[in-house]
$ cat target_15.cif   # mmCIF, C-alpha atoms
data_protein
#
loop_
_atom_site.label_atom_id
_atom_site.label_comp_id
_atom_site.auth_asym_id
_atom_site.auth_seq_id
_atom_site.Cartn_x
_atom_site.Cartn_y
_atom_site.Cartn_z
CA MET A 279 69.71 83.96 94.05
CA ASN A 280 71.77 80.84 94.79
CA ILE A 281 70.61 79.82 98.27
CA ASN A 282 73.55 77.39 98.58
CA ARG A 283 76.11 80.17 98.41
CA LYS A 284 78.19 80.32 101.58
CA ILE A 285 80.12 83.22 103.06
CA ILE A 286 82.72 82.52 105.76
CA LEU A 287 84.06 85.47 107.75
CA THR A 288 86.87 84.78 110.23
CA VAL A 289 87.86 87.56 112.66
CA VAL A 290 87.01 91.10 111.59
CA THR A 291 89.95 93.51 111.37
CA ALA A 292 90.08 97.05 112.75
CA PHE A 293 88.82 99.87 110.56
CA CYS A 294 90.13 103.42 110.20
CA LEU A 295 88.93 106.55 108.42
CA VAL A 296 91.03 107.36 105.37
CA PHE A 297 90.91 110.54 103.28
CA SER A 298 92.04 110.61 99.63
CA PHE A 299 93.68 113.67 98.10
CA ASN A 300 94.32 113.29 94.40
CA SER A 301 94.90 116.67 92.76
CA ILE A 302 98.32 118.33 92.64
CA THR A 303 98.75 122.05 93.10
CA GLY A 304 102.06 123.86 93.32
CA PRO A 305 104.63 121.01 93.68
CA LEU A 306 107.78 122.06 95.52
CA ASN A 307 111.05 120.40 94.46
CA LEU A 308 113.58 121.45 97.08
CA PHE A 309 116.28 118.80 96.77
CA ALA A 310 119.00 118.49 99.38
CA ASP A 311 121.81 115.96 99.91
CA ASP A 312 122.64 116.12 96.19
CA ASP A 313 125.81 114.12 96.78
CA ASP A 314 123.76 111.07 97.87
CA PRO A 315 121.18 109.88 95.30
CA THR A 316 119.38 107.75 97.90
CA LYS A 317 118.74 110.50 100.49
CA SER A 318 116.71 113.68 100.32
CA LYS A 319 115.66 116.15 103.02
CA VAL A 320 113.35 118.97 101.96
CA ALA A 321 111.31 121.74 103.56
CA ALA A 322 107.57 122.18 103.23
CA PRO A 323 106.11 125.69 103.62
CA PRO A 324 105.73 126.84 107.26
CA ASN A 325 102.75 125.89 109.43
CA MET A 326 101.64 122.97 107.26
CA MET A 327 100.92 119.30 107.93
CA GLU A 328 101.06 116.17 105.79
CA VAL A 329 97.72 114.73 104.68
CA SER A 330 98.85 111.86 102.43
CA THR A 331 101.99 110.48 100.82
CA THR A 332 103.16 109.63 97.31
CA LEU A 333 106.17 107.70 96.01
CA GLY A 334 108.30 110.82 95.73
CA GLY A 335 106.95 112.97 98.55
CA ALA A 336 103.78 114.02 100.33
CA TYR A 337 100.79 116.36 100.13
CA PHE A 338 100.74 119.17 102.70
CA VAL A 339 98.06 121.65 103.75
CA ASN A 340 97.76 124.41 106.36
CA LYS A 341 97.68 122.82 109.80
CA ALA A 342 94.63 124.90 110.82
CA LEU A 343 92.53 122.88 108.39
CA ILE A 344 93.87 119.58 109.73
CA GLN A 345 93.19 120.68 113.30
CA LYS A 346 89.66 121.76 112.36
CA SER A 347 89.07 118.39 110.70
CA LYS A 348 90.27 116.54 113.80
CA LEU A 349 88.08 118.71 116.03
CA LEU A 350 84.98 117.94 113.98
CA GLN A 351 85.78 114.23 113.95
CA ASN A 352 86.09 114.32 117.73
CA GLN A 353 82.71 116.04 117.91
CA LEU A 354 81.21 113.25 115.80
CA SER A 355 82.68 110.66 118.18
CA ASN A 356 81.29 112.50 121.19
CA VAL A 357 77.77 112.59 119.74
CA ARG A 358 77.97 108.87 118.96
CA ASP A 359 79.10 108.18 122.52
CA GLN A 360 76.12 110.17 123.79
CA ILE A 361 73.80 108.12 121.56
CA ARG A 362 75.20 104.85 122.91
CA ALA A 363 74.85 106.12 126.47
CA GLY A 364 71.25 107.26 125.86
CA GLU A 365 72.09 110.83 126.91
CA ILE A 366 70.36 112.59 123.98
CA SER A 367 67.23 112.01 121.96
CA SER A 368 67.31 110.60 118.44
CA ALA A 369 66.06 113.84 116.92
CA THR A 370 68.74 115.91 118.67
CA ALA A 371 71.44 113.40 117.75
CA MET A 372 70.46 113.38 114.06
CA GLU A 373 70.42 117.18 113.98
CA ARG A 374 73.88 117.44 115.54
CA LEU A 375 75.36 114.70 113.35
CA ALA A 376 74.03 116.35 110.20
CA SER A 377 75.42 119.73 111.22
CA ILE A 378 78.88 118.34 112.01
CA GLU A 379 78.99 116.24 108.82
CA THR A 380 78.15 119.31 106.72
CA LYS A 381 80.99 121.27 108.33
CA LEU A 382 83.36 118.34 107.91
CA GLN A 383 82.57 118.04 104.20
CA LEU A 384 83.40 121.73 103.74
CA VAL A 385 86.73 121.28 105.53
CA ARG A 386 87.57 118.24 103.40
CA ALA A 387 86.78 120.23 100.27
CA SER A 388 89.09 123.02 101.45
CA ILE A 389 91.86 120.51 102.13
CA GLU A 390 91.43 119.06 98.64
CA GLU A 391 91.55 122.51 97.06
CA GLN A 392 94.46 123.92 99.05
CA LYS A 393 96.85 120.95 99.40
CA ILE A 394 100.22 121.09 97.66
CA LEU A 395 102.70 118.40 96.71
CA VAL A 396 106.17 118.58 98.27
CA SER A 397 108.56 116.33 96.34
CA ALA A 398 111.75 114.87 97.74
CA PHE A 399 112.31 112.73 94.61
CA ASN A 400 111.02 112.68 91.03
CA VAL A 401 108.99 109.73 89.72
CA TYR A 402 109.78 108.27 86.26
CA THR A 403 107.73 105.60 84.44
CA LYS A 404 107.93 103.36 81.37
CA THR A 405 105.41 100.77 80.09
CA VAL A 406 106.03 97.48 78.18
CA GLU A 407 103.67 94.72 76.95
CA GLU A 408 104.10 90.94 76.50
CA ILE A 409 101.80 87.98 75.69
CA PHE A 410 102.28 84.40 76.98
CA ASP A 411 100.49 81.15 76.06
CA LEU A 412 97.97 79.79 78.58
CA GLY A 413 98.66 76.18 79.66
CA GLU A 414 96.14 73.41 79.09
CA GLU A 415 95.24 73.21 82.78
CA LYS A 416 94.43 76.94 82.82
CA GLN A 417 96.06 77.61 86.19
CA VAL A 418 97.75 80.96 86.94
CA ILE A 419 99.91 81.97 89.91
CA LEU A 420 100.85 85.63 90.05
CA THR A 421 103.15 87.21 92.65
CA GLY A 422 103.09 90.98 93.00
CA ASP A 423 102.32 93.61 95.61
CA LYS A 424 100.46 95.89 93.19
CA VAL A 425 98.37 93.99 90.68
CA ARG A 426 95.60 94.81 88.24
CA ILE A 427 93.74 91.94 86.55
CA ARG A 428 91.11 92.10 83.83
CA GLY A 429 89.25 89.43 81.92
CA TRP A 430 89.60 89.29 78.13
CA GLN A 431 88.99 86.88 75.23
CA GLY A 432 92.66 86.20 74.55
CA PRO A 433 94.65 84.78 73.00
CA GLY A 434 96.86 83.86 75.91
CA ILE A 435 97.84 85.99 78.89
CA LYS A 436 98.65 89.61 78.14
CA CYS A 437 100.91 91.41 80.63
CA VAL A 438 101.29 95.18 80.65
CA LEU A 439 104.07 96.26 83.03
CA GLU A 440 104.36 99.87 84.19
CA LYS A 441 107.88 100.32 85.55
CA THR A 442 108.50 103.11 88.05
CA ILE A 443 111.81 104.47 89.29
CA VAL A 444 111.99 107.07 92.06
CA ALA A 445 115.12 109.22 91.65
CA LYS A 446 116.49 112.75 91.58
CA GLU A 447 117.51 112.49 87.92
CA GLN A 448 116.21 110.69 84.81
CA PRO A 449 117.28 106.99 84.92
CA ASP A 450 118.91 105.40 81.85
CA GLU A 451 117.35 102.55 79.82
CA GLU A 452 119.42 99.92 81.61
CA ALA A 453 117.83 100.91 84.93
CA PHE A 454 114.34 100.31 83.52
CA ALA A 455 115.48 97.05 81.90
CA GLN A 456 116.20 95.62 85.35
CA ILE A 457 112.42 95.53 85.98
CA GLN A 458 110.78 92.79 83.91
CA VAL A 459 108.01 90.17 83.84
CA GLU A 460 109.04 86.58 84.58
CA HIS A 461 106.93 83.70 83.19
CA GLN A 462 107.15 79.92 83.54
CA LEU A 463 104.75 77.13 82.61
CA ASP A 464 105.68 74.47 85.12
CA SER A 465 104.89 72.79 88.41
CA ALA A 466 104.84 75.30 91.24
CA GLU A 467 105.75 72.98 94.14
CA SER A 468 108.09 75.54 95.72
CA ILE A 469 105.07 77.85 96.11
CA VAL A 470 102.02 75.59 96.47
CA GLY A 471 103.60 72.44 97.91
CA GLU A 472 103.26 68.79 96.86
CA THR A 473 100.02 66.85 96.50
CA PHE A 474 98.72 64.95 99.52
CA GLU A 475 99.48 61.63 97.80
CA LYS A 476 103.09 62.60 97.06
CA ARG A 477 103.63 63.79 100.64
CA GLU A 478 102.14 60.59 102.07
CA LEU A 479 104.32 58.41 99.84
CA ALA A 480 107.47 60.33 100.77
CA GLU A 481 106.65 60.04 104.48
CA ARG A 482 106.02 56.26 104.29
CA GLU A 483 109.32 55.78 102.48
CA PHE A 484 111.14 57.82 105.12
CA LEU A 485 109.59 55.94 108.05
CA ALA A 486 110.56 52.65 106.41
CA SER A 487 114.15 53.84 105.90
CA GLU A 488 117.03 53.22 108.34
CA ASP A 489 116.88 56.84 109.57
CA GLY A 490 113.14 56.62 110.13
CA GLN A 491 113.38 53.34 112.02
CA GLN A 492 115.91 54.85 114.43
CA MET A 493 113.68 57.77 115.49
CA THR A 494 112.27 57.78 119.03
CA GLU A 495 108.59 58.28 119.80
CA ALA A 496 109.30 61.87 120.87
CA GLN A 497 111.16 62.56 117.63
CA LEU A 498 108.35 61.02 115.58
CA ALA A 499 105.76 63.15 117.39
CA SER A 500 107.82 66.29 116.74
CA ARG A 501 108.18 65.34 113.08
CA ARG A 502 104.44 64.74 112.70
CA ALA A 503 103.68 68.16 114.22
CA LEU A 504 106.12 69.85 111.85
CA ILE A 505 104.68 68.08 108.79
CA GLU A 506 101.12 68.93 109.83
CA SER A 507 102.11 72.58 110.22
CA ILE A 508 103.70 72.65 106.76
CA ASN A 509 100.71 70.89 105.19
CA ALA A 510 98.27 73.33 106.86
CA SER A 511 100.15 76.32 105.44
CA LYS A 512 99.73 74.90 101.93
CA THR A 513 96.07 73.83 102.21
CA LYS A 514 94.82 76.97 100.45
CA TYR A 515 96.93 76.03 97.41
CA LYS A 516 95.35 72.58 96.98
CA PRO A 517 93.72 73.43 93.60
CA PHE A 518 97.21 74.18 92.21
CA GLN A 519 99.08 71.18 93.57
CA GLY A 520 100.25 68.67 90.96
CA LYS A 521 99.28 71.01 88.09
CA ARG A 522 101.34 72.79 85.43
CA CYS A 523 100.76 76.45 86.20
CA ASN A 524 101.51 79.76 84.53
CA ILE A 525 103.85 81.26 87.14
CA LEU A 526 104.08 85.04 86.75
CA GLY A 527 106.04 87.61 88.69
CA VAL A 528 108.07 90.78 88.38
CA LYS A 529 111.85 90.65 88.56
CA GLY A 530 114.09 93.47 89.77
CA LEU A 531 112.22 94.66 92.86
CA THR A 532 114.21 93.01 95.65
CA PHE A 533 117.41 94.23 97.29
CA GLN A 534 119.21 91.17 95.96
CA GLU A 535 118.10 92.14 92.43
CA GLY A 536 119.53 95.64 92.78
CA ASN A 537 116.62 97.60 94.22
CA LYS A 538 117.74 100.34 96.62
CA ASN A 539 116.14 101.88 99.65
CA LEU A 540 115.54 105.63 99.59
CA SER A 541 115.41 107.87 102.64
CA LEU A 542 113.31 111.02 102.57
CA GLU A 543 112.42 113.63 105.16
CA ILE A 544 109.96 116.49 104.78
CA MET A 545 109.48 118.99 107.62
CA SER A 546 107.40 122.15 107.96
CA GLU A 547 108.58 124.82 110.38
CA GLY A 548 105.85 125.37 112.94
CA GLY A 549 103.85 122.53 111.43
CA GLY A 550 104.39 118.80 110.96
CA GLY A 551 106.38 116.44 108.81
CA PHE A 552 107.51 112.88 108.44
CA HIS A 553 110.45 110.57 107.82
CA SER A 554 110.00 107.72 105.37
CA SER A 555 111.93 105.07 103.50
CA LYS A 556 110.78 103.75 100.12
CA TRP A 557 112.05 101.35 97.51
CA GLN A 558 113.54 103.04 94.47
CA ARG A 559 111.97 100.64 91.95
CA HIS A 560 108.27 99.86 91.73
CA ALA A 561 106.03 98.12 89.22
CA THR A 562 102.33 97.89 88.44
CA LEU A 563 101.44 94.78 86.49
CA THR A 564 98.17 94.59 84.56
CA VAL A 565 97.32 91.02 83.54
CA TYR A 566 94.59 90.26 80.99
CA LEU A 567 93.27 86.72 81.50
CA PRO A 568 91.05 84.46 79.38
CA VAL A 569 88.76 81.95 81.13
CA CYS A 570 90.80 80.05 83.75
CA ASN A 571 90.19 77.31 86.32
CA TRP A 572 92.07 78.93 89.19
CA VAL A 573 94.07 82.15 89.63
CA ALA A 574 96.22 82.77 92.70
CA VAL A 575 97.48 86.27 93.49
CA ARG A 576 100.29 86.41 96.06
CA GLY A 577 101.42 89.65 97.73
CA CYS A 578 98.39 91.92 97.46
CA LYS A 579 99.54 94.51 100.03
CA VAL A 580 100.23 97.58 97.86
CA GLY A 581 97.15 97.45 95.65
CA VAL A 582 94.60 94.99 94.24
CA ASP A 583 92.28 95.80 91.34
CA ILE A 584 90.58 92.72 89.86
CA LEU A 585 87.51 93.04 87.62
CA GLY A 586 85.60 90.91 85.14
CA VAL A 587 87.54 87.65 85.58
CA GLU A 588 86.04 84.22 84.79
CA SER A 589 87.91 82.03 87.26
CA ASN A 590 88.08 80.93 90.86
CA LEU A 591 90.38 83.29 92.80
CA LEU A 592 92.81 82.87 95.68
CA LEU A 593 94.17 86.13 97.14
CA THR A 594 96.87 85.85 99.80
CA GLY A 595 99.34 88.13 101.55
CA ASN A 596 102.03 85.44 101.22
CA GLY A 597 105.02 86.62 99.20
CA SER A 598 104.51 90.32 99.96
CA ARG A 599 107.60 92.58 99.85
CA ASP A 600 105.98 95.98 100.43
CA ARG A 601 102.72 97.57 101.54
CA ASP A 602 100.64 100.71 101.06
CA TYR A 603 98.03 101.47 103.71
CA GLU A 604 96.40 104.08 101.45
CA GLY A 605 96.19 101.84 98.38
CA SER A 606 93.07 100.62 96.62
CA PHE A 607 92.02 96.98 97.20
CA GLU A 608 88.94 96.01 95.16
CA VAL A 609 87.66 92.76 93.62
CA GLY A 610 84.43 92.53 91.61
CA ASN A 611 82.46 90.96 88.77
CA ILE A 612 84.01 87.54 89.34
CA LYS A 613 82.48 84.39 87.85
CA GLY A 614 83.74 81.85 90.37
CA ASP A 615 84.64 81.34 94.03
CA VAL A 616 86.86 83.80 95.92
CA VAL A 617 89.19 82.77 98.77
CA ILE A 618 90.92 85.62 100.63
CA ASP A 619 93.71 84.78 103.07
CA GLN A 620 95.32 87.69 104.98
CA ALA A 621 94.95 90.11 102.06
CA PRO A 622 93.61 93.64 102.81
CA ILE A 623 90.65 93.56 100.40
CA ARG A 624 88.38 96.53 101.21
CA LYS A 625 85.72 96.23 98.52
CA LEU A 626 84.23 92.96 97.28
CA PHE A 627 81.21 92.90 94.97
CA LYS A 628 79.30 90.84 92.39
CA ILE A 629 80.87 87.44 93.17
CA SER A 630 78.93 84.57 91.58
CA GLY A 631 80.41 81.80 93.75
CA ASN A 632 81.27 81.16 97.39
CA ILE A 633 83.38 83.56 99.45
CA GLU A 634 85.86 82.63 102.17
CA PHE A 635 87.50 85.63 103.88
CA VAL A 636 90.14 85.04 106.59
CA ALA A 637 91.68 88.21 108.07
CA THR A 638 93.34 88.05 111.48
CA ASP A 639 95.95 90.76 110.75
CA GLU A 640 95.34 94.47 111.32
CA PHE A 641 95.90 96.26 108.02
CA VAL A 642 96.60 99.64 109.60
CA ASN A 643 99.57 102.00 109.56
CA SER A 644 101.79 102.08 112.63
CA GLY A 645 104.28 104.64 111.27
CA THR A 646 105.68 107.68 113.06
CA THR A 647 104.39 111.23 112.46
CA HIS A 648 105.63 114.57 113.75
CA GLU A 649 103.63 117.64 114.71
CA GLY A 650 104.69 120.88 116.38
CA GLY A 651 108.15 119.57 117.26
CA THR A 652 106.90 116.38 118.92
#

$ encode --input "target_15.cif" --output "structure tokens"
Amino acid sequence: MNINRKIILTVVTAFCLVFSFNSITGPLNLFADDDDPTKSKVAAPPNMMEVSTTLGGAYFVNKALIQKSKLLQNQLSNVRDQIRAGEISSATAMERLASIETKLQLVRASIEEQKILVSAFNVYTKTVEEIFDLGEEKQVILTGDKVRIRGWQGPGIKCVLEKTIVAKEQPDEEAFAQIQVEHQLDSAESIVGETFEKRELAEREFLASEDGQQMTEAQLASRRALIESINASKTKYKPFQGKRCNILGVKGLTFQEGNKNLSLEIMSEGGGGFHSSKWQRHATLTVYLPVCNWVAVRGCKVGVDILGVESNLLLTGNGSRDRDYEGSFEVGNIKGDVVIDQAPIRKLFKISGNIEFVATDEFVNSGTTHEGGT
């Protein structure tokens, strides 16, 4: 074991219990608002509640199971409170916890077996593949909210793009063509900033100029504070500054690039439901990388799946356009250092180098839910 390895943890975020429901049984396609392709309001069966969401809809199950699950979770919390307060013995606590956990597992299994998918929109996909040359400096900057990265022997950088369009009817080829991989091999100053030396030179030249000479002490102090703030925001990108980088991203996912916002509503009479808005276009980019010096992934808030990469990694929430609180965020088998800055990584394993993890944001859902008419 490398005894010099360091792990820096800055501010621990809040945690929440999340259930996953993956199977699909009995999807219901009950489209309404057919005159508006961006809006859909559908009905779930009576007396049901939402347990998880998908791009086109949500999974629902009988509300009695959800209520039973909540009751058992409350019982678990009560026993833990009693343990902390010293109100019950260890043996009694363990017995009660085991009993409640067993019941809870049975309820979860019933939810998994009985849930159904209620669709407000259909989901259509298409996959394309491209290969790009890796620059001599072996630096990669990738911007994307849902990213999958794998190590490989090359040659070059292979990009596999899964394009997704959420709609009521099958999109044409032109609609899929609007989603594409962008690649440049160039300086990335607009993203990573200038080198310290270049910034210092520019500042000296300004202060020696006529405009700089006319500034008051108060104005100079304000300018210094602004420059220090800008420099601090770019510190994490220092390994990329002044380098020719492979700059990768996905085009066609912003409003300005033609992406539309969809509105969907699913309600169950006597049960629950939810209102949601989602982007119509989505993309999952899988990037296969040879050995690199540094790889930066910007966005990271819909899904992160990075395995088997030989490179130092920087993961940051900067540049995010969307987020998924139920997504998967895992990084493992990395030969290099890992720096995480405000990215919701939930599983981190087998890292050969140093780890720096800064997380001061709460990566939890603050959306609105409805139950029993409230």

$ resolve_selection --input "target_15.cif" --expression "the PyMOL selection byres ((chain A and resi 549-559) around 8)" --output "number ranges by chain"
A: 324-328, 333, 341, 441-445, 457, 530-531, 537-548, 560-561, 646-651

$ residues_around --input "target_15.cif" --residues "Ile378 (chain A)" --least-positions-apart "2" --cutoff "8 Å" --atoms "all atoms listed in the file" --output "PyMOL selection string"
chain A and resi 350+353-354+374-376+380-382

$ closest_residue --input "target_15.cif" --among "A:Ala455, A:Val425, A:Ala637, A:Ala510" --to "Ser598 (chain A)" --atoms "only C-alpha atoms"
A:Val425

$ resolve_selection --input "target_15.cif" --expression "the PyMOL selection byres ((chain A and resi 575-586) around 6)" --output "NGL selection string"
:A and (420-429 or 574 or 587 or 593-598 or 601-602 or 605-612)

$ resolve_selection --input "target_15.cif" --expression "the PyMOL selection byres ((chain A and resi 473) around 8)" --output "number ranges by chain"
A: 471-472, 474-477, 516, 519-520

$ atom_distance --input "target_15.cif" --atom1 "CA of Thr405 (chain A)" --atom2 "CA of Val438 (chain A)"
7.0 Å

$ residues_near_point --input "target_15.cif" --point "(101.0, 78.0, 80.4)" --cutoff "12 Å" --atoms "all atoms listed in the file" --output "list in words"
Ile409, Phe410, Asp411, Leu412, Gly413, Glu414, Glu415, Lys416, Gln417, Val418, Ile419, Pro433, Gly434, Ile435, His461, Gln462, Leu463, Asp464, Ser465, Ala466, Lys521, Arg522, Cys523, Asn524, Ile525, Leu526, Leu567, Pro568 and Cys570 of chain A

$ atom_distance --input "target_15.cif" --atom1 "CA of Asn400 (chain A)" --atom2 "CA of Ala342 (chain A)"
28.5 Å

$ closest_residue --input "target_15.cif" --among "A:Ala499, A:Met493, A:Val406, A:Val339" --to "Glu391 (chain A)" --atoms "only C-alpha atoms"
A:Val339

$ atom_distance --input "target_15.cif" --atom1 "CA of Asn632 (chain A)" --atom2 "CA of Asp619 (chain A)"
14.1 Å

$ closest_residue --input "target_15.cif" --among "A:Gln392, A:Lys529, A:Ser511, A:Gly432" --to "Val569 (chain A)" --atoms "only C-alpha atoms"
A:Gly432

$ residues_around --input "target_15.cif" --residues "Ala398 (chain A)" --least-positions-apart "4" --cutoff "6 Å" --atoms "only C-alpha atoms" --output "list in words"
Ser318, Gly334 and Gly335 of chain A

$ axis_aligned_box --input "target_15.cif" --around "region 413-416 of chain A" --padding-each-side "6 Å" --output "AutoDock Vina command-line options"
--center_x 96.5 --center_y 75.1 --center_z 81.0 --size_x 16.2 --size_y 15.7 --size_z 15.7

$ residues_around --input "target_15.cif" --residues "Leu439 (chain A)" --least-positions-apart "5" --cutoff "9 Å" --atoms "all atoms listed in the file" --output "ChimeraX atom specification"
/A:404-408,457-459,528,561-565

$ closest_residue --input "target_15.cif" --among "A:Ile618, A:Ile344, A:Leu349, A:Ala496" --to "Thr638 (chain A)" --atoms "all atoms listed in the file"
A:Ile618

$ closest_residue --input "target_15.cif" --among "A:Val617, A:Val401, A:Leu343, A:Ala321" --to "Phe635 (chain A)" --atoms "only C-alpha atoms"
A:Val617
